[in-house]
Amino acid sequence: MAGAPGATFNPSNTIVNRSLADAFAADIRAWIATRDEAALIRALRSPCSGVPHDVAAAYAVIASRVGPLIDTIGRERLALPAPDRDAVLRFAARVATVNETTEIASHFELPPQTATNDVDSGSPFELAAAAAPDERASVRARQTHFSASALNAYAECSRKWYYRYVCSAVEDPGSSASTYGTAFHAALEDFHAEFPEPSAEHEAAMRTRLEGYVNWAFERFRADFDTAVEVELQKRRAQRTAVRYVDWLLAQATRAPFTVIGREIAANLDLDGFAFIGYIDRLDRDNATGAVTIYDYKTGSIATSAAEYRDKVREFRDFQLPFYYWARTATGDRVTRLALIPLKDALLDVQPISLEVVPVAAPERTRGDAALGTITVADLERARARMIEICRDLTSGALQQFPSTTDPSACTYCAYALACIDKPHDERERFGR
Ligand code: SF4
């Protein structure tokens, strides 16, 4: 414990300012008025007491156990080097002689405080004047290419879009769920390169080869999983789902033979001067009619019915399949069906959420929860117009604010959740503690 022998003030070089001196004086006055031990201990521990910090802390602890601070100091309960002992005894002596009429600053030899200098002149720090806040400025999207997933992010939560595409605030490290999706996509891409025309006659080979492709894909992405156990669990889940995928392929091929004409193919589209890019998971051509179906593999949660997915498109909450539709239509394909293939749950049969593209809305012949439904060209045109509108907004330079979503479910897997102070409160967590 070190202290300056003759120092009566701030021997440990702690910065002392007006508020510390005021607080010290208030504590001493409280002690004078009510013999408040807590106030006296606070005064002892103040840099204004002249007692080194560690000595003051030690006496505070002893006094809290054995009784009045001044008595504890008087009994010299701590064996201290002479300078520290002198400092603490000096403090006790001053406390013992202070009363209501005492001028505390001079009695405890506090340095003079001036109105303009809150910080002790010996302080190594100078407080700078507060800087004026920056002018609020607008933000302009810097992308040279847009994607449907960027617009989906914007539609889901514009704050999320801002974090991801303007700030690049946090790199999303991904998760085992996203790596599962990446690996499964890769396995199916390889599989359909070998089996572009699935048929019952190749069933055994298809099953064996898909199992191999899944194993190989999960090996390739092994490093992206957190643990070896995670790799195994996710691979087995993919294997079980792959069995159901082949079941569905065979049933589909029996009903209407088809050829896979594209896997992970680039979809480029110019929408009113805004360049869009994306990748289509799978493109099929019906062998009898030549009609094209666009498939998107989904390894996360998706709409549970065709009507639900169509509502998302109509409400401009999902642009993925509309974008693919217009990209392939621009190349001359006759696209008649848009479908999401759910590959998340190994316990469920693969049952795509499928929308037939129709020229005009017809009365629905299916239940609202059916996997099959229709979507009109007008719906897809509105989605396209909205995509252009959003791009205009994002590139206009007029946007100054990016409100956070009001839907707490959007935040569940958001990579920015920790940094986002405006995220909505999730009612489900109300009783979570
Ligand atoms: S935590 Fe929620 S509100 Fe915040 S950016 Fe993410 S999705 Fe938006």
# chains A, B, ... in the order shown; residues from 1 in each chain; ligands from 1
$ closest_atom_pairs --of "chain A" --to "ligand 1" --cutoff "12 Å" --atoms "only C-alpha atoms and all ligand atoms" --output "tab-separated table"
residue	atom	partner	partner_atom_place_in_ligand_line	distance
A:Asn152	CA	ligand 1	7 (S)	11.7
A:Ala153	CA	ligand 1	7 (S)	8.6
A:Tyr154	CA	ligand 1	8 (Fe)	9.3
A:Ala155	CA	ligand 1	8 (Fe)	10.4
A:Glu156	CA	ligand 1	7 (S)	7.3
A:Cys157	CA	ligand 1	8 (Fe)	4.8
A:Ser158	CA	ligand 1	8 (Fe)	6.9
A:Arg159	CA	ligand 1	5 (S)	4.7
A:Lys160	CA	ligand 1	5 (S)	3.8
A:Trp161	CA	ligand 1	5 (S)	7.5
A:Tyr162	CA	ligand 1	5 (S)	8.1
A:Tyr163	CA	ligand 1	5 (S)	6.9
A:Arg164	CA	ligand 1	5 (S)	8.9
A:Tyr165	CA	ligand 1	5 (S)	11.7
A:Cys167	CA	ligand 1	5 (S)	11.8
A:Ala169	CA	ligand 1	5 (S)	10.8
A:Val170	CA	ligand 1	5 (S)	11.3
A:Asp172	CA	ligand 1	6 (Fe)	11.8
A:Phe402	CA	ligand 1	8 (Fe)	9.3
A:Pro403	CA	ligand 1	3 (S)	7.8
A:Ser404	CA	ligand 1	3 (S)	4.1
A:Thr405	CA	ligand 1	3 (S)	4.8
A:Thr406	CA	ligand 1	3 (S)	7.2
A:Asp407	CA	ligand 1	2 (Fe)	7.7
A:Pro408	CA	ligand 1	2 (Fe)	6.4
A:Ser409	CA	ligand 1	2 (Fe)	7.9
A:Ala410	CA	ligand 1	7 (S)	4.8
A:Cys411	CA	ligand 1	2 (Fe)	3.7
A:Thr412	CA	ligand 1	2 (Fe)	7.4
A:Tyr413	CA	ligand 1	6 (Fe)	7.9
A:Cys414	CA	ligand 1	6 (Fe)	4.6
A:Ala415	CA	ligand 1	6 (Fe)	6.7
A:Tyr416	CA	ligand 1	6 (Fe)	5.1
A:Ala417	CA	ligand 1	1 (S)	3.6
A:Leu418	CA	ligand 1	1 (S)	7.1
A:Ala419	CA	ligand 1	1 (S)	7.6
A:Cys420	CA	ligand 1	4 (Fe)	4.6
A:Ile421	CA	ligand 1	4 (Fe)	7.0
A:Asp422	CA	ligand 1	3 (S)	5.9
A:Lys423	CA	ligand 1	3 (S)	3.8
A:Pro424	CA	ligand 1	3 (S)	6.2
A:His425	CA	ligand 1	2 (Fe)	9.4
A:Asp426	CA	ligand 1	2 (Fe)	10.2
$ closest_atom_pairs --of "stretch 46-150 of chain A" --to "stretch 270-280 of chain A" --cutoff "6 Å" --atoms "only C-alpha atoms" --output "Markdown table"
| residue | atom | partner | partner_atom | distance |
| --- | --- | --- | --- | --- |
| A:His145 | CA | A:Ala275 | CA | 5.1 |
| A:Phe146 | CA | A:Phe276 | CA | 4.6 |
| A:Ser147 | CA | A:Phe276 | CA | 5.3 |
$ write_last_selection --atoms "N, CA and C atoms" --output "CSV table (one decimal), in the first residue's frame"
chain,number,residue,atom,x,y,z
A,145,HIS,N,-26.2,-4.8,-58.4
A,145,HIS,CA,-27.2,-5.8,-58.7
A,145,HIS,C,-28.1,-6.0,-57.5
A,146,PHE,N,-29.3,-6.2,-57.8
A,146,PHE,CA,-30.3,-6.5,-56.8
A,146,PHE,C,-30.6,-8.0,-56.8
A,147,SER,N,-31.2,-8.5,-55.7
A,147,SER,CA,-31.6,-9.9,-55.7
A,147,SER,C,-33.0,-10.0,-55.0
$ select_by_dssp --residues "stretch 322-430 of chain A" --states "strand (DSSP E)" --output "PDB file with all heavy atoms, in the first residue's frame"
ATOM      1  N   VAL A 335     -43.361 -20.704 -68.666  1.00  0.00           N
ATOM      2  CA  VAL A 335     -43.397 -21.145 -67.267  1.00  0.00           C
ATOM      3  C   VAL A 335     -44.849 -21.276 -66.820  1.00  0.00           C
ATOM      4  O   VAL A 335     -45.612 -20.310 -66.878  1.00  0.00           O
ATOM      5  CB  VAL A 335     -42.657 -20.140 -66.347  1.00  0.00           C
ATOM      6  CG1 VAL A 335     -42.720 -20.606 -64.894  1.00  0.00           C
ATOM      7  CG2 VAL A 335     -41.216 -19.966 -66.797  1.00  0.00           C
ATOM      8  N   THR A 336     -45.223 -22.475 -66.412  1.00  0.00           N
ATOM      9  CA  THR A 336     -46.626 -22.681 -66.024  1.00  0.00           C
ATOM     10  C   THR A 336     -46.779 -23.008 -64.542  1.00  0.00           C
ATOM     11  O   THR A 336     -47.894 -23.074 -64.047  1.00  0.00           O
ATOM     12  CB  THR A 336     -47.243 -23.847 -66.818  1.00  0.00           C
ATOM     13  OG1 THR A 336     -46.481 -25.028 -66.556  1.00  0.00           O
ATOM     14  CG2 THR A 336     -47.263 -23.547 -68.302  1.00  0.00           C
ATOM     15  N   ARG A 337     -45.672 -23.243 -63.870  1.00  0.00           N
ATOM     16  CA  ARG A 337     -45.792 -23.617 -62.463  1.00  0.00           C
ATOM     17  C   ARG A 337     -44.584 -23.105 -61.674  1.00  0.00           C
ATOM     18  O   ARG A 337     -43.448 -23.133 -62.170  1.00  0.00           O
ATOM     19  CB  ARG A 337     -45.868 -25.150 -62.349  1.00  0.00           C
ATOM     20  CG  ARG A 337     -46.247 -25.650 -60.969  1.00  0.00           C
ATOM     21  CD  ARG A 337     -46.440 -27.172 -60.991  1.00  0.00           C
ATOM     22  NE  ARG A 337     -47.603 -27.565 -61.764  1.00  0.00           N
ATOM     23  CZ  ARG A 337     -48.850 -27.588 -61.274  1.00  0.00           C
ATOM     24  NH1 ARG A 337     -49.069 -27.250 -60.028  1.00  0.00           N
ATOM     25  NH2 ARG A 337     -49.864 -27.961 -62.029  1.00  0.00           N
ATOM     26  N   LEU A 338     -44.886 -22.651 -60.465  1.00  0.00           N
ATOM     27  CA  LEU A 338     -43.840 -22.196 -59.538  1.00  0.00           C
ATOM     28  C   LEU A 338     -44.004 -23.013 -58.265  1.00  0.00           C
ATOM     29  O   LEU A 338     -45.129 -23.141 -57.750  1.00  0.00           O
ATOM     30  CB  LEU A 338     -44.025 -20.715 -59.209  1.00  0.00           C
ATOM     31  CG  LEU A 338     -44.136 -19.762 -60.408  1.00  0.00           C
ATOM     32  CD1 LEU A 338     -44.595 -18.376 -59.939  1.00  0.00           C
ATOM     33  CD2 LEU A 338     -42.787 -19.654 -61.111  1.00  0.00           C
ATOM     34  N   ALA A 339     -42.925 -23.586 -57.758  1.00  0.00           N
ATOM     35  CA  ALA A 339     -43.104 -24.468 -56.595  1.00  0.00           C
ATOM     36  C   ALA A 339     -41.946 -24.372 -55.620  1.00  0.00           C
ATOM     37  O   ALA A 339     -40.788 -24.181 -56.003  1.00  0.00           O
ATOM     38  CB  ALA A 339     -43.270 -25.913 -57.066  1.00  0.00           C
ATOM     39  N   LEU A 340     -42.305 -24.511 -54.342  1.00  0.00           N
ATOM     40  CA  LEU A 340     -41.311 -24.613 -53.264  1.00  0.00           C
ATOM     41  C   LEU A 340     -41.267 -26.072 -52.832  1.00  0.00           C
ATOM     42  O   LEU A 340     -42.315 -26.685 -52.605  1.00  0.00           O
ATOM     43  CB  LEU A 340     -41.734 -23.757 -52.068  1.00  0.00           C
ATOM     44  CG  LEU A 340     -42.082 -22.298 -52.336  1.00  0.00           C
ATOM     45  CD1 LEU A 340     -42.681 -21.646 -51.081  1.00  0.00           C
ATOM     46  CD2 LEU A 340     -40.832 -21.540 -52.776  1.00  0.00           C
ATOM     47  N   ILE A 341     -40.061 -26.621 -52.730  1.00  0.00           N
ATOM     48  CA  ILE A 341     -39.950 -28.025 -52.289  1.00  0.00           C
ATOM     49  C   ILE A 341     -39.447 -28.039 -50.847  1.00  0.00           C
ATOM     50  O   ILE A 341     -38.293 -27.690 -50.583  1.00  0.00           O
ATOM     51  CB  ILE A 341     -38.973 -28.813 -53.190  1.00  0.00           C
ATOM     52  CG1 ILE A 341     -39.427 -28.740 -54.638  1.00  0.00           C
ATOM     53  CG2 ILE A 341     -38.883 -30.261 -52.727  1.00  0.00           C
ATOM     54  CD1 ILE A 341     -38.562 -29.548 -55.594  1.00  0.00           C
ATOM     55  N   PRO A 342     -40.293 -28.453 -49.905  1.00  0.00           N
ATOM     56  CA  PRO A 342     -39.863 -28.443 -48.495  1.00  0.00           C
ATOM     57  C   PRO A 342     -38.939 -29.624 -48.198  1.00  0.00           C
ATOM     58  O   PRO A 342     -39.302 -30.774 -48.423  1.00  0.00           O
ATOM     59  CB  PRO A 342     -41.181 -28.566 -47.724  1.00  0.00           C
ATOM     60  CG  PRO A 342     -42.137 -29.176 -48.671  1.00  0.00           C
ATOM     61  CD  PRO A 342     -41.666 -28.910 -50.061  1.00  0.00           C
ATOM     62  N   ILE A 353     -45.169 -27.020 -52.343  1.00  0.00           N
ATOM     63  CA  ILE A 353     -46.180 -25.964 -52.352  1.00  0.00           C
ATOM     64  C   ILE A 353     -46.136 -25.379 -53.758  1.00  0.00           C
ATOM     65  O   ILE A 353     -45.138 -24.774 -54.158  1.00  0.00           O
ATOM     66  CB  ILE A 353     -45.839 -24.870 -51.313  1.00  0.00           C
ATOM     67  CG1 ILE A 353     -45.773 -25.460 -49.907  1.00  0.00           C
ATOM     68  CG2 ILE A 353     -46.828 -23.724 -51.389  1.00  0.00           C
ATOM     69  CD1 ILE A 353     -47.062 -26.055 -49.401  1.00  0.00           C
ATOM     70  N   SER A 354     -47.209 -25.595 -54.499  1.00  0.00           N
ATOM     71  CA  SER A 354     -47.125 -25.393 -55.931  1.00  0.00           C
ATOM     72  C   SER A 354     -48.217 -24.449 -56.440  1.00  0.00           C
ATOM     73  O   SER A 354     -49.388 -24.604 -56.101  1.00  0.00           O
ATOM     74  CB  SER A 354     -47.280 -26.787 -56.573  1.00  0.00           C
ATOM     75  OG  SER A 354     -47.201 -26.708 -57.932  1.00  0.00           O
ATOM     76  N   LEU A 355     -47.806 -23.477 -57.228  1.00  0.00           N
ATOM     77  CA  LEU A 355     -48.765 -22.512 -57.782  1.00  0.00           C
ATOM     78  C   LEU A 355     -48.747 -22.603 -59.306  1.00  0.00           C
ATOM     79  O   LEU A 355     -47.705 -22.395 -59.943  1.00  0.00           O
ATOM     80  CB  LEU A 355     -48.388 -21.094 -57.373  1.00  0.00           C
ATOM     81  CG  LEU A 355     -48.610 -20.714 -55.910  1.00  0.00           C
ATOM     82  CD1 LEU A 355     -48.015 -19.339 -55.630  1.00  0.00           C
ATOM     83  CD2 LEU A 355     -50.091 -20.728 -55.563  1.00  0.00           C
ATOM     84  N   GLU A 356     -49.905 -22.928 -59.864  1.00  0.00           N
ATOM     85  CA  GLU A 356     -50.018 -22.943 -61.323  1.00  0.00           C
ATOM     86  C   GLU A 356     -50.246 -21.508 -61.788  1.00  0.00           C
ATOM     87  O   GLU A 356     -51.066 -20.782 -61.215  1.00  0.00           O
ATOM     88  CB  GLU A 356     -51.208 -23.826 -61.721  1.00  0.00           C
ATOM     89  CG  GLU A 356     -51.324 -24.028 -63.211  1.00  0.00           C
ATOM     90  CD  GLU A 356     -52.598 -24.784 -63.574  1.00  0.00           C
ATOM     91  OE1 GLU A 356     -53.257 -25.325 -62.658  1.00  0.00           O
ATOM     92  OE2 GLU A 356     -52.949 -24.797 -64.752  1.00  0.00           O
ATOM     93  N   VAL A 357     -49.487 -21.104 -62.808  1.00  0.00           N
ATOM     94  CA  VAL A 357     -49.631 -19.732 -63.304  1.00  0.00           C
ATOM     95  C   VAL A 357     -50.804 -19.699 -64.283  1.00  0.00           C
ATOM     96  O   VAL A 357     -50.808 -20.430 -65.283  1.00  0.00           O
ATOM     97  CB  VAL A 357     -48.341 -19.262 -64.006  1.00  0.00           C
ATOM     98  CG1 VAL A 357     -48.498 -17.824 -64.504  1.00  0.00           C
ATOM     99  CG2 VAL A 357     -47.159 -19.385 -63.064  1.00  0.00           C
ATOM    100  N   VAL A 358     -51.809 -18.887 -63.991  1.00  0.00           N
ATOM    101  CA  VAL A 358     -53.013 -18.839 -64.836  1.00  0.00           C
ATOM    102  C   VAL A 358     -53.219 -17.409 -65.335  1.00  0.00           C
ATOM    103  O   VAL A 358     -52.823 -16.452 -64.669  1.00  0.00           O
ATOM    104  CB  VAL A 358     -54.257 -19.317 -64.044  1.00  0.00           C
ATOM    105  CG1 VAL A 358     -54.149 -20.794 -63.700  1.00  0.00           C
ATOM    106  CG2 VAL A 358     -54.467 -18.482 -62.793  1.00  0.00           C
ATOM    107  N   LEU A 372     -51.616 -27.305 -53.523  1.00  0.00           N
ATOM    108  CA  LEU A 372     -51.724 -26.860 -54.911  1.00  0.00           C
ATOM    109  C   LEU A 372     -52.664 -25.670 -55.007  1.00  0.00           C
ATOM    110  O   LEU A 372     -53.713 -25.652 -54.371  1.00  0.00           O
ATOM    111  CB  LEU A 372     -52.288 -27.982 -55.799  1.00  0.00           C
ATOM    112  CG  LEU A 372     -51.500 -29.288 -55.849  1.00  0.00           C
ATOM    113  CD1 LEU A 372     -52.231 -30.299 -56.717  1.00  0.00           C
ATOM    114  CD2 LEU A 372     -50.116 -29.021 -56.420  1.00  0.00           C
ATOM    115  N   GLY A 373     -52.267 -24.698 -55.811  1.00  0.00           N
ATOM    116  CA  GLY A 373     -53.136 -23.537 -55.990  1.00  0.00           C
ATOM    117  C   GLY A 373     -52.778 -22.834 -57.279  1.00  0.00           C
ATOM    118  O   GLY A 373     -52.009 -23.351 -58.094  1.00  0.00           O
ATOM    119  N   THR A 374     -53.322 -21.654 -57.437  1.00  0.00           N
ATOM    120  CA  THR A 374     -53.034 -20.900 -58.667  1.00  0.00           C
ATOM    121  C   THR A 374     -52.581 -19.486 -58.310  1.00  0.00           C
ATOM    122  O   THR A 374     -52.848 -18.988 -57.223  1.00  0.00           O
ATOM    123  CB  THR A 374     -54.296 -20.787 -59.561  1.00  0.00           C
ATOM    124  OG1 THR A 374     -55.321 -20.138 -58.811  1.00  0.00           O
ATOM    125  CG2 THR A 374     -54.771 -22.149 -60.037  1.00  0.00           C
ATOM    126  N   ILE A 375     -51.896 -18.898 -59.269  1.00  0.00           N
ATOM    127  CA  ILE A 375     -51.529 -17.489 -59.138  1.00  0.00           C
ATOM    128  C   ILE A 375     -51.682 -16.869 -60.520  1.00  0.00           C
ATOM    129  O   ILE A 375     -51.377 -17.514 -61.536  1.00  0.00           O
ATOM    130  CB  ILE A 375     -50.087 -17.330 -58.593  1.00  0.00           C
ATOM    131  CG1 ILE A 375     -49.818 -15.865 -58.270  1.00  0.00           C
ATOM    132  CG2 ILE A 375     -49.036 -17.866 -59.578  1.00  0.00           C
ATOM    133  CD1 ILE A 375     -48.582 -15.657 -57.412  1.00  0.00           C
ATOM    134  N   THR A 376     -52.182 -15.663 -60.569  1.00  0.00           N
ATOM    135  CA  THR A 376     -52.428 -15.057 -61.887  1.00  0.00           C
ATOM    136  C   THR A 376     -51.194 -14.298 -62.380  1.00  0.00           C
ATOM    137  O   THR A 376     -50.343 -13.863 -61.587  1.00  0.00           O
ATOM    138  CB  THR A 376     -53.610 -14.068 -61.832  1.00  0.00           C
ATOM    139  OG1 THR A 376     -53.245 -13.009 -60.951  1.00  0.00           O
ATOM    140  CG2 THR A 376     -54.872 -14.739 -61.338  1.00  0.00           C
TER     141      THR A 376
END
$ residues_around --residues "stretch 387-393 of chain A" --least-positions-apart "3" --cutoff "9 Å" --atoms "only C-alpha atoms" --output "ChimeraX atom specification"
/A:140-141,146,148,151,154,271-274,316,319,323,382-384,396-399
$ write_last_selection --atoms "N, CA, C and O atoms" --output "PDB file, in the first residue's frame"
ATOM      1  N   ARG A 140     -28.261   5.757 -49.784  1.00  0.00           N
ATOM      2  CA  ARG A 140     -28.545   5.290 -51.141  1.00  0.00           C
ATOM      3  C   ARG A 140     -27.966   3.878 -51.288  1.00  0.00           C
ATOM      4  O   ARG A 140     -26.823   3.641 -50.885  1.00  0.00           O
ATOM      5  N   ALA A 141     -28.773   2.966 -51.831  1.00  0.00           N
ATOM      6  CA  ALA A 141     -28.279   1.598 -52.043  1.00  0.00           C
ATOM      7  C   ALA A 141     -27.088   1.645 -52.987  1.00  0.00           C
ATOM      8  O   ALA A 141     -27.113   2.342 -54.001  1.00  0.00           O
ATOM      9  N   PHE A 146     -29.338  -6.223 -57.805  1.00  0.00           N
ATOM     10  CA  PHE A 146     -30.307  -6.534 -56.755  1.00  0.00           C
ATOM     11  C   PHE A 146     -30.612  -8.022 -56.807  1.00  0.00           C
ATOM     12  O   PHE A 146     -30.323  -8.696 -57.797  1.00  0.00           O
ATOM     13  N   ALA A 148     -33.698 -11.032 -55.324  1.00  0.00           N
ATOM     14  CA  ALA A 148     -35.009 -11.193 -54.685  1.00  0.00           C
ATOM     15  C   ALA A 148     -34.830 -11.335 -53.181  1.00  0.00           C
ATOM     16  O   ALA A 148     -35.650 -10.834 -52.407  1.00  0.00           O
ATOM     17  N   LEU A 151     -34.601  -7.963 -51.573  1.00  0.00           N
ATOM     18  CA  LEU A 151     -35.908  -7.307 -51.474  1.00  0.00           C
ATOM     19  C   LEU A 151     -36.779  -8.000 -50.427  1.00  0.00           C
ATOM     20  O   LEU A 151     -37.561  -7.350 -49.725  1.00  0.00           O
ATOM     21  N   TYR A 154     -35.741  -6.600 -47.228  1.00  0.00           N
ATOM     22  CA  TYR A 154     -36.278  -5.247 -47.067  1.00  0.00           C
ATOM     23  C   TYR A 154     -37.759  -5.297 -46.694  1.00  0.00           C
ATOM     24  O   TYR A 154     -38.219  -4.554 -45.827  1.00  0.00           O
ATOM     25  N   LEU A 271     -34.861  -5.080 -64.740  1.00  0.00           N
ATOM     26  CA  LEU A 271     -36.199  -4.555 -64.460  1.00  0.00           C
ATOM     27  C   LEU A 271     -36.136  -3.043 -64.471  1.00  0.00           C
ATOM     28  O   LEU A 271     -35.657  -2.425 -63.511  1.00  0.00           O
ATOM     29  N   ASP A 272     -36.534  -2.483 -65.591  1.00  0.00           N
ATOM     30  CA  ASP A 272     -36.568  -1.025 -65.718  1.00  0.00           C
ATOM     31  C   ASP A 272     -35.214  -0.391 -65.374  1.00  0.00           C
ATOM     32  O   ASP A 272     -35.150   0.625 -64.668  1.00  0.00           O
ATOM     33  N   GLY A 273     -34.146  -1.028 -65.807  1.00  0.00           N
ATOM     34  CA  GLY A 273     -32.806  -0.479 -65.551  1.00  0.00           C
ATOM     35  C   GLY A 273     -32.152  -1.013 -64.298  1.00  0.00           C
ATOM     36  O   GLY A 273     -30.976  -0.744 -64.052  1.00  0.00           O
ATOM     37  N   PHE A 274     -32.881  -1.764 -63.497  1.00  0.00           N
ATOM     38  CA  PHE A 274     -32.287  -2.354 -62.294  1.00  0.00           C
ATOM     39  C   PHE A 274     -31.915  -3.811 -62.587  1.00  0.00           C
ATOM     40  O   PHE A 274     -32.778  -4.619 -62.943  1.00  0.00           O
ATOM     41  N   PHE A 316     -46.580  -8.537 -51.220  1.00  0.00           N
ATOM     42  CA  PHE A 316     -45.208  -8.072 -51.467  1.00  0.00           C
ATOM     43  C   PHE A 316     -44.267  -8.417 -50.313  1.00  0.00           C
ATOM     44  O   PHE A 316     -43.432  -7.609 -49.906  1.00  0.00           O
ATOM     45  N   PHE A 319     -40.541 -12.168 -53.069  1.00  0.00           N
ATOM     46  CA  PHE A 319     -40.349 -11.873 -54.491  1.00  0.00           C
ATOM     47  C   PHE A 319     -39.591 -12.981 -55.223  1.00  0.00           C
ATOM     48  O   PHE A 319     -39.286 -12.835 -56.401  1.00  0.00           O
ATOM     49  N   PHE A 323     -39.689 -13.335 -59.260  1.00  0.00           N
ATOM     50  CA  PHE A 323     -38.459 -12.938 -59.984  1.00  0.00           C
ATOM     51  C   PHE A 323     -38.018 -14.051 -60.938  1.00  0.00           C
ATOM     52  O   PHE A 323     -37.720 -13.799 -62.117  1.00  0.00           O
ATOM     53  N   ARG A 382     -47.830  -7.446 -60.683  1.00  0.00           N
ATOM     54  CA  ARG A 382     -47.816  -6.490 -59.560  1.00  0.00           C
ATOM     55  C   ARG A 382     -46.539  -6.667 -58.729  1.00  0.00           C
ATOM     56  O   ARG A 382     -45.942  -5.685 -58.287  1.00  0.00           O
ATOM     57  N   ALA A 383     -46.148  -7.920 -58.557  1.00  0.00           N
ATOM     58  CA  ALA A 383     -44.913  -8.168 -57.794  1.00  0.00           C
ATOM     59  C   ALA A 383     -43.717  -7.536 -58.512  1.00  0.00           C
ATOM     60  O   ALA A 383     -42.851  -6.917 -57.884  1.00  0.00           O
ATOM     61  N   ARG A 384     -43.717  -7.681 -59.846  1.00  0.00           N
ATOM     62  CA  ARG A 384     -42.618  -7.092 -60.619  1.00  0.00           C
ATOM     63  C   ARG A 384     -42.613  -5.573 -60.482  1.00  0.00           C
ATOM     64  O   ARG A 384     -41.562  -4.955 -60.273  1.00  0.00           O
ATOM     65  N   SER A 396     -32.835   6.074 -54.549  1.00  0.00           N
ATOM     66  CA  SER A 396     -33.191   7.491 -54.715  1.00  0.00           C
ATOM     67  C   SER A 396     -32.326   8.416 -53.857  1.00  0.00           C
ATOM     68  O   SER A 396     -32.187   9.591 -54.136  1.00  0.00           O
ATOM     69  N   GLY A 397     -31.775   7.864 -52.775  1.00  0.00           N
ATOM     70  CA  GLY A 397     -31.015   8.714 -51.862  1.00  0.00           C
ATOM     71  C   GLY A 397     -31.928   9.507 -50.945  1.00  0.00           C
ATOM     72  O   GLY A 397     -31.475  10.370 -50.198  1.00  0.00           O
ATOM     73  N   ALA A 398     -33.224   9.219 -50.977  1.00  0.00           N
ATOM     74  CA  ALA A 398     -34.163   9.979 -50.151  1.00  0.00           C
ATOM     75  C   ALA A 398     -34.449   9.290 -48.817  1.00  0.00           C
ATOM     76  O   ALA A 398     -35.002   9.904 -47.917  1.00  0.00           O
ATOM     77  N   LEU A 399     -34.086   8.025 -48.712  1.00  0.00           N
ATOM     78  CA  LEU A 399     -34.429   7.301 -47.476  1.00  0.00           C
ATOM     79  C   LEU A 399     -33.494   7.709 -46.342  1.00  0.00           C
ATOM     80  O   LEU A 399     -32.282   7.615 -46.463  1.00  0.00           O
TER      81      LEU A 399
END
$ residues_around --residues "stretch 184-187 of chain A" --least-positions-apart "6" --cutoff "6 Å" --atoms "only C-alpha atoms" --output "list in words"
Tyr213, Val214 and Ala217 of chain A
$ write_last_selection --atoms "N, CA, C and O atoms" --output "PDB file, in the first residue's frame"
ATOM      1  N   TYR A 213     -24.327 -38.942 -52.878  1.00  0.00           N
ATOM      2  CA  TYR A 213     -24.160 -37.504 -53.080  1.00  0.00           C
ATOM      3  C   TYR A 213     -24.375 -36.729 -51.775  1.00  0.00           C
ATOM      4  O   TYR A 213     -23.698 -35.724 -51.521  1.00  0.00           O
ATOM      5  N   VAL A 214     -25.317 -37.200 -50.968  1.00  0.00           N
ATOM      6  CA  VAL A 214     -25.532 -36.517 -49.686  1.00  0.00           C
ATOM      7  C   VAL A 214     -24.290 -36.681 -48.806  1.00  0.00           C
ATOM      8  O   VAL A 214     -23.792 -35.707 -48.218  1.00  0.00           O
ATOM      9  N   ALA A 217     -21.574 -34.416 -50.123  1.00  0.00           N
ATOM     10  CA  ALA A 217     -21.837 -32.988 -49.897  1.00  0.00           C
ATOM     11  C   ALA A 217     -21.566 -32.619 -48.441  1.00  0.00           C
ATOM     12  O   ALA A 217     -20.958 -31.574 -48.152  1.00  0.00           O
TER      13      ALA A 217
END
$ closest_atom_pairs --of "stretch 140-227 of chain A" --to "stretch 259-265 of chain A" --cutoff "9 Å" --atoms "only C-alpha atoms" --output "JSON lines"
{"residue": "A:His185", "atom": "CA", "partner": "A:Glu264", "partner_atom": "CA", "distance": 8.7}
{"residue": "A:Leu188", "atom": "CA", "partner": "A:Arg263", "partner_atom": "CA", "distance": 8.6}
{"residue": "A:Glu189", "atom": "CA", "partner": "A:Arg263", "partner_atom": "CA", "distance": 5.8}
{"residue": "A:Asp190", "atom": "CA", "partner": "A:Arg263", "partner_atom": "CA", "distance": 8.7}
{"residue": "A:His192", "atom": "CA", "partner": "A:Val260", "partner_atom": "CA", "distance": 7.0}
{"residue": "A:Ala193", "atom": "CA", "partner": "A:Arg263", "partner_atom": "CA", "distance": 7.8}
{"residue": "A:Phe195", "atom": "CA", "partner": "A:Val260", "partner_atom": "CA", "distance": 8.2}
{"residue": "A:Pro196", "atom": "CA", "partner": "A:Val260", "partner_atom": "CA", "distance": 4.7}
{"residue": "A:Glu197", "atom": "CA", "partner": "A:Thr259", "partner_atom": "CA", "distance": 4.8}
{"residue": "A:Pro198", "atom": "CA", "partner": "A:Thr259", "partner_atom": "CA", "distance": 7.7}
$ select_by_dssp --residues "stretch 111-244 of chain A" --states "alpha helix (DSSP H)" --output "MDAnalysis selection string"
chainID A and resid 148:156 158:161 176:194 203:220 228:244
$ closest_residue --among "A:Ala242, A:Val377, A:Val231, A:Leu394" --to "A:Thr208" --atoms "only C-alpha atoms"
A:Ala242
$ closest_residue --among "A:Ile28, A:Ala132, A:Ile41, A:Ala79" --to "A:Arg94" --atoms "only C-alpha atoms"
A:Ile28
$ atom_distance --atom1 "atom CA of A:Arg85" --atom2 "atom CA of A:Asn17"
25.2 Å
$ atom_distance --atom1 "atom CA of A:Arg75" --atom2 "atom CA of A:Thr101"
27.9 Å
$ residues_around --residues "A:Gly300" --least-positions-apart "2" --cutoff "9 Å" --atoms "only C-alpha atoms" --output "PyMOL selection string"
chain A and resi 177-178+181+298+302+342-345
$ decode --residues "stretch 129-135 of chain A" --atoms "C-alpha atoms" --output "mmCIF file, in the first residue's frame"
data_model
loop_
_atom_site.group_PDB
_atom_site.id
_atom_site.type_symbol
_atom_site.label_atom_id
_atom_site.label_comp_id
_atom_site.auth_asym_id
_atom_site.auth_seq_id
_atom_site.Cartn_x
_atom_site.Cartn_y
_atom_site.Cartn_z
ATOM 1 C CA ALA A 129 -16.497 20.104 -25.437
ATOM 2 C CA ALA A 130 -19.315 17.899 -26.675
ATOM 3 C CA ALA A 131 -19.225 17.520 -30.441
ATOM 4 C CA ALA A 132 -22.249 18.584 -32.452
ATOM 5 C CA PRO A 133 -24.137 15.563 -33.794
ATOM 6 C CA ASP A 134 -23.746 14.807 -37.480
ATOM 7 C CA GLU A 135 -26.389 16.124 -39.816
#
